[in-house]
$ cat upload27.pdb   # PDB, C-alpha atoms and all ligand atoms
ATOM      1  CA  MET D  10       7.104 -38.149 -50.806
ATOM      2  CA  ASP D  11       9.665 -36.484 -53.012
ATOM      3  CA  ARG D  12      12.681 -34.601 -51.628
ATOM      4  CA  ARG D  13      11.024 -31.151 -52.033
ATOM      5  CA  GLY D  14       7.840 -32.329 -50.253
ATOM      6  CA  PHE D  15       9.887 -33.851 -47.453
ATOM      7  CA  LEU D  16      11.862 -30.606 -46.914
ATOM      8  CA  LYS D  17       8.620 -28.556 -46.858
ATOM      9  CA  ALA D  18       7.011 -30.867 -44.290
ATOM     10  CA  ALA D  19      10.178 -30.840 -42.166
ATOM     11  CA  ALA D  20      10.322 -27.003 -42.252
ATOM     12  CA  ILE D  21       6.654 -26.655 -41.252
ATOM     13  CA  GLY D  22       7.171 -29.141 -38.433
ATOM     14  CA  THR D  23      10.171 -27.158 -37.155
ATOM     15  CA  ILE D  24       8.266 -23.842 -37.243
ATOM     16  CA  ALA D  25       5.237 -25.352 -35.457
ATOM     17  CA  GLY D  26       7.535 -26.856 -32.844
ATOM     18  CA  SER D  27       9.311 -23.564 -32.164
ATOM     19  CA  VAL D  28       5.995 -21.621 -31.948
ATOM     20  CA  SER D  29       4.633 -24.024 -29.343
ATOM     21  CA  ALA D  30       7.965 -23.865 -27.447
ATOM     22  CA  THR D  31       7.781 -20.042 -27.484
ATOM     23  CA  MET D  32       4.196 -20.095 -26.199
ATOM     24  CA  ALA D  33       5.164 -22.546 -23.437
ATOM     25  CA  SER D  34       8.019 -20.272 -22.325
ATOM     26  CA  ALA D  35       5.679 -17.242 -22.410
ATOM     27  CA  GLU D  36       3.385 -19.117 -20.010
ATOM     28  CA  ARG D  37       6.359 -19.632 -17.720
ATOM     29  CA  PHE D  38       7.240 -15.925 -17.628
ATOM     30  CA  PHE D  39       3.594 -14.768 -17.300
ATOM     31  CA  PRO D  40       2.022 -17.354 -15.012
ATOM     32  CA  THR D  41      -0.855 -14.964 -14.243
ATOM     33  CA  LYS D  42      -3.502 -14.634 -16.944
ATOM     34  CA  VAL D  43      -3.646 -11.054 -18.236
ATOM     35  CA  ASP D  44      -6.010  -9.169 -20.544
ATOM     36  CA  MET D  45      -3.560  -8.333 -23.354
ATOM     37  CA  THR D  46      -5.900  -5.619 -24.747
ATOM     38  CA  LEU D  47      -4.821  -3.474 -21.756
ATOM     39  CA  PHE D  48      -1.348  -3.328 -23.384
ATOM     40  CA  ASP D  49      -2.634  -2.025 -26.747
ATOM     41  CA  GLY D  50      -2.440   1.654 -25.752
ATOM     42  CA  ILE D  51      -3.062   4.085 -22.897
ATOM     43  CA  ASN D  52      -5.947   3.156 -20.582
ATOM     44  CA  ARG D  53      -8.211   5.793 -19.022
ATOM     45  CA  ALA D  54     -11.333   5.700 -16.844
ATOM     46  CA  LYS D  55     -14.179   5.694 -19.391
ATOM     47  CA  ASP D  56     -16.622   7.490 -17.053
ATOM     48  CA  PRO D  57     -14.699   9.206 -14.198
ATOM     49  CA  LEU D  58     -17.913   9.409 -12.150
ATOM     50  CA  LYS D  59     -18.657   5.699 -12.513
ATOM     51  CA  LYS D  60     -15.330   3.872 -12.410
ATOM     52  CA  THR D  61     -15.085   0.087 -12.663
ATOM     53  CA  PRO D  62     -13.109  -1.757  -9.944
ATOM     54  CA  LEU D  63     -10.144  -2.045 -12.382
ATOM     55  CA  GLU D  64     -10.279   1.714 -13.094
ATOM     56  CA  LYS D  65     -10.545   2.523  -9.362
ATOM     57  CA  SER D  66      -7.307   0.661  -8.649
ATOM     58  CA  HIS D  67      -5.398   1.777 -11.786
ATOM     59  CA  ALA D  68      -6.433   5.255 -12.991
ATOM     60  CA  PRO D  69      -3.999   7.663 -11.241
ATOM     61  CA  ALA D  70      -5.761   9.878  -8.672
ATOM     62  CA  ILE D  71      -4.292  13.401  -8.860
ATOM     63  CA  SER D  72      -4.523  15.773  -5.921
ATOM     64  CA  ALA D  73      -3.445  19.407  -6.447
ATOM     65  CA  PRO D  74      -4.662  22.942  -5.637
ATOM     66  CA  SER D  75      -7.310  24.070  -8.151
ATOM     67  CA  SER D  76      -5.592  27.430  -8.471
ATOM     68  CA  VAL D  77      -1.865  28.263  -8.172
ATOM     69  CA  LYS D  78       0.400  31.272  -8.685
ATOM     70  CA  ALA D  79       2.929  31.219 -11.534
ATOM     71  CA  GLY D  80       6.494  30.797 -10.283
ATOM     72  CA  GLU D  81       5.455  29.550  -6.836
ATOM     73  CA  PRO D  82       5.891  25.906  -5.782
ATOM     74  CA  PHE D  83       2.926  23.683  -5.002
ATOM     75  CA  VAL D  84       2.544  19.968  -4.322
ATOM     76  CA  VAL D  85       0.915  17.490  -6.692
ATOM     77  CA  GLU D  86       0.169  14.086  -5.185
ATOM     78  CA  VAL D  87      -0.479  11.091  -7.406
ATOM     79  CA  SER D  88      -1.904   7.868  -6.018
ATOM     80  CA  VAL D  89      -2.529   4.607  -7.884
ATOM     81  CA  GLY D  90      -5.450   4.747  -7.730
ATOM     82  CA  GLU D  91      -8.537   5.713  -5.670
ATOM     83  CA  ASN D  92      -8.314   2.231  -4.155
ATOM     84  CA  VAL D  93      -4.562   1.905  -3.594
ATOM     85  CA  HIS D  94      -3.051  -0.751  -5.877
ATOM     86  CA  VAL D  95      -1.259  -3.805  -4.443
ATOM     87  CA  MET D  96       2.577  -3.934  -4.453
ATOM     88  CA  GLY D  97       4.220  -7.359  -4.485
ATOM     89  CA  PRO D  98       6.516  -9.597  -6.532
ATOM     90  CA  VAL D  99       3.729 -10.808  -8.863
ATOM     91  CA  HIS D 100       1.674  -7.643  -9.336
ATOM     92  CA  TRP D 101       3.053  -4.134  -8.868
ATOM     93  CA  ILE D 102       3.215  -0.551 -10.139
ATOM     94  CA  GLU D 103       6.449  -0.004 -12.086
ATOM     95  CA  TYR D 104       6.413   3.808 -12.121
ATOM     96  CA  ILE D 105       4.396   7.004 -11.700
ATOM     97  CA  GLU D 106       5.060   9.897 -14.089
ATOM     98  CA  LEU D 107       3.872  13.499 -14.076
ATOM     99  CA  ALA D 108       3.711  15.814 -17.095
ATOM    100  CA  ILE D 109       2.728  19.470 -17.263
ATOM    101  CA  GLY D 110       0.685  19.497 -20.455
ATOM    102  CA  ASN D 111       2.917  17.812 -23.036
ATOM    103  CA  GLU D 112       6.122  18.411 -21.062
ATOM    104  CA  PRO D 113       7.400  15.460 -18.993
ATOM    105  CA  ALA D 114       8.147  16.736 -15.472
ATOM    106  CA  GLY D 115       9.350  13.671 -13.584
ATOM    107  CA  ARG D 116       9.061   9.998 -12.824
ATOM    108  CA  ILE D 117       9.286   7.794  -9.714
ATOM    109  CA  GLU D 118      10.260   4.123 -10.183
ATOM    110  CA  PHE D 119       9.079   1.404  -7.796
ATOM    111  CA  GLN D 120      10.504  -2.022  -6.997
ATOM    112  CA  PRO D 121       8.185  -5.031  -6.682
ATOM    113  CA  LYS D 122       9.201  -5.659  -3.069
ATOM    114  CA  GLY D 123       6.175  -4.170  -1.360
ATOM    115  CA  TYR D 124       8.085  -1.601   0.746
ATOM    116  CA  LEU D 125       6.454   1.403  -0.925
ATOM    117  CA  LYS D 126       2.832   2.241  -1.604
ATOM    118  CA  PRO D 127       2.242   3.395  -5.184
ATOM    119  CA  LYS D 128       1.997   7.070  -4.275
ATOM    120  CA  ALA D 129       4.242   9.993  -5.237
ATOM    121  CA  SER D 130       4.492  13.668  -4.332
ATOM    122  CA  PHE D 131       5.919  16.170  -6.805
ATOM    123  CA  THR D 132       6.801  19.767  -5.924
ATOM    124  CA  VAL D 133       5.896  21.703  -9.060
ATOM    125  CA  VAL D 134       6.596  25.253 -10.239
ATOM    126  CA  VAL D 135       4.750  26.466 -13.343
ATOM    127  CA  PRO D 136       6.365  29.502 -14.995
ATOM    128  CA  LYS D 137       4.035  32.205 -16.344
ATOM    129  CA  GLU D 138       5.023  31.438 -19.973
ATOM    130  CA  ALA D 139       3.929  27.795 -19.537
ATOM    131  CA  ALA D 140       0.325  28.897 -18.919
ATOM    132  CA  PRO D 141      -0.466  31.650 -21.471
ATOM    133  CA  THR D 142      -4.215  30.895 -21.215
ATOM    134  CA  GLY D 143      -4.155  30.895 -17.397
ATOM    135  CA  LYS D 144      -4.548  27.106 -17.210
ATOM    136  CA  VAL D 145      -2.353  24.009 -17.298
ATOM    137  CA  THR D 146      -3.207  20.342 -17.447
ATOM    138  CA  LEU D 147      -1.477  18.012 -14.992
ATOM    139  CA  VAL D 148      -1.137  14.595 -16.624
ATOM    140  CA  ALA D 149      -0.277  11.552 -14.492
ATOM    141  CA  PHE D 150       0.746   8.163 -15.885
ATOM    142  CA  GLN D 151       1.372   4.861 -14.163
ATOM    143  CA  ARG D 152       2.330   1.444 -15.434
ATOM    144  CA  CYS D 153       1.120  -1.777 -13.843
ATOM    145  CA  ASN D 154       3.039  -4.940 -14.770
ATOM    146  CA  LEU D 155      -0.226  -6.864 -15.345
ATOM    147  CA  HIS D 156      -2.648  -4.104 -16.416
ATOM    148  CA  GLY D 157      -0.625  -1.767 -18.641
ATOM    149  CA  LEU D 158      -0.259   1.990 -18.916
ATOM    150  CA  TRP D 159      -2.905   4.297 -17.381
ATOM    151  CA  GLU D 160      -3.418   8.059 -17.586
ATOM    152  CA  SER D 161      -5.491  10.655 -15.748
ATOM    153  CA  ASN D 162      -5.417  14.436 -16.016
ATOM    154  CA  LEU D 163      -6.482  17.468 -14.030
ATOM    155  CA  ASP D 164      -6.777  21.097 -15.195
ATOM    156  CA  ILE D 165      -5.690  23.791 -12.760
ATOM    157  CA  SER D 166      -5.693  27.565 -13.165
ATOM    158  CA  VAL D 167      -2.494  29.618 -12.985
ATOM    159  CA  SER D 168      -2.546  33.325 -12.158
TER     160      SER D 168
HETATM  161 FE    FE X   1      -2.670  -3.932 -11.707
END

$ encode --input "upload27.pdb" --output "structure tokens" --more "lines below"
Ligand SMILES: [Fe+2]
Amino acid sequence: MDRRGFLKAAAIGTIAGSVSATMASAERFFPTKVDMTLFDGINRAKDPLKKTPLEKSHAPAISAPSSVKAGEPFVVEVSVGENVHVMGPVHWIEYIELAIGNEPAGRIEFQPKGYLKPKASFTVVVPKEAAPTGKVTLVAFQRCNLHGLWESNLDISVS
């Protein structure tokens, strides 16, 4: 083997070695097998009337009055999800977020200690100018450390 061939082989060997070392360390940090496609984008229940077990425990369940008055407070409750998600050091909900249409309204962060259930209550006031068509969409997000970002929404009327 000439000098150039030797250097090429040595470089390839070094790269292969560092890739396998990186993969081994990734296994150490993520000891639980996860479906990485859940981290490609935002997950939603495909058929809200026929949710899978994963969707039932991850799609945020939004509870709010179907009709509210502009300028008056009302409570929006968000639960993760219909079947309340587990909270522990290996598998937990990192946060719950609420948006009014495209406007972020607030976010609750959770620690993976298991003290809190993944539920949040938001006291919301929608000004008249935020609902020119007489409707707003409540959008809830949650992020699970093993199952990615999930979104649900609920339209309510505003008079
Ligand atoms: Fe999860």

$ residues_near_point --input "upload27.pdb" --point "(1.6, 23.5, -3.8)" --cutoff "9 Å" --atoms "all atoms listed in the file" --output "list in words"
Ala73, Pro74, Val77, Glu81, Pro82, Phe83, Val84, Val85, Thr132, Val133 and Val134 of chain D

$ residues_near_ligand --input "upload27.pdb" --ligand "ligand FE 1 (chain X)" --cutoff "8 Å" --atoms "only C-alpha atoms and all ligand atoms" --output "count of residues only"
13

$ resolve_selection --input "upload27.pdb" --expression "the PyMOL selection byres (((chain D and resi 131) around 12) and not hetatm)" --output "number ranges by chain"
D: 71-73, 82-88, 105-109, 114-117, 128-130, 132-134, 147, 149

$ atom_distance --input "upload27.pdb" --atom1 "atom CA of D:Tyr124" --atom2 "atom CA of D:Val89"
15.0 Å

$ residues_around --input "upload27.pdb" --residues "D:Tyr104" --least-positions-apart "5" --cutoff "6 Å" --atoms "only C-alpha atoms" --output "PyMOL selection string"
chain D and resi 117-119+151-152

$ write_last_selection --input "upload27.pdb" --atoms "C-alpha atoms" --output "PDB file, keeping the file's coordinate frame"
ATOM      1  CA  ILE D 117       9.286   7.794  -9.714  1.00  0.00           C
ATOM      2  CA  GLU D 118      10.260   4.123 -10.183  1.00  0.00           C
ATOM      3  CA  PHE D 119       9.079   1.404  -7.796  1.00  0.00           C
ATOM      4  CA  GLN D 151       1.372   4.861 -14.163  1.00  0.00           C
ATOM      5  CA  ARG D 152       2.330   1.444 -15.434  1.00  0.00           C
TER       6      ARG D 152
END

$ atom_distance --input "upload27.pdb" --atom1 "atom CA of D:Glu103" --atom2 "atom CA of D:Glu91"
17.3 Å

$ atom_distance --input "upload27.pdb" --atom1 "atom CA of D:Val93" --atom2 "atom CA of D:Ile165"
23.8 Å

$ resolve_selection --input "upload27.pdb" --expression "the PyMOL selection byres (((chain D and resi 135) around 6) and not hetatm)" --output "list in words"
Ala79, Gly80, Val134 and Pro136 of chain D

$ closest_residue --input "upload27.pdb" --among "D:Pro141, D:Ser161, D:Asn111, D:Gly97" --to "D:Leu125" --atoms "all atoms listed in the file"
D:Gly97

$ residues_around --input "upload27.pdb" --residues "D:Ser168" --least-positions-apart "2" --cutoff "9 Å" --atoms "all atoms listed in the file" --output "PDB file with C-alpha atoms, in the coordinates of the input"
ATOM      1  CA  SER D  76      -5.592  27.430  -8.471  1.00  0.00           C
ATOM      2  CA  VAL D  77      -1.865  28.263  -8.172  1.00  0.00           C
ATOM      3  CA  LYS D  78       0.400  31.272  -8.685  1.00  0.00           C
ATOM      4  CA  ALA D  79       2.929  31.219 -11.534  1.00  0.00           C
ATOM      5  CA  LYS D 137       4.035  32.205 -16.344  1.00  0.00           C
ATOM      6  CA  ALA D 140       0.325  28.897 -18.919  1.00  0.00           C
ATOM      7  CA  GLY D 143      -4.155  30.895 -17.397  1.00  0.00           C
ATOM      8  CA  LYS D 144      -4.548  27.106 -17.210  1.00  0.00           C
ATOM      9  CA  SER D 166      -5.693  27.565 -13.165  1.00  0.00           C
TER      10      SER D 166
END

$ residues_near_point --input "upload27.pdb" --point "(-9.2, 14.1, -13.9)" --cutoff "10 Å" --atoms "only C-alpha atoms" --output "ChimeraX atom specification"
/D:53-54,57,68-72,146-149,160-164

$ residues_around --input "upload27.pdb" --residues "D:Asn52" --least-positions-apart "2" --cutoff "7 Å" --atoms "only C-alpha atoms" --output "PyMOL selection string"
chain D and resi 47+50+158-160

$ axis_aligned_box --input "upload27.pdb" --around "stretch 108-125 of chain D" --padding-each-side "4 Å" --output "lines of an AutoDock Vina configuration file"
center_x = 5.6
center_y = 6.9
center_z = -11.1
size_x = 17.8
size_y = 33.2
size_z = 31.8
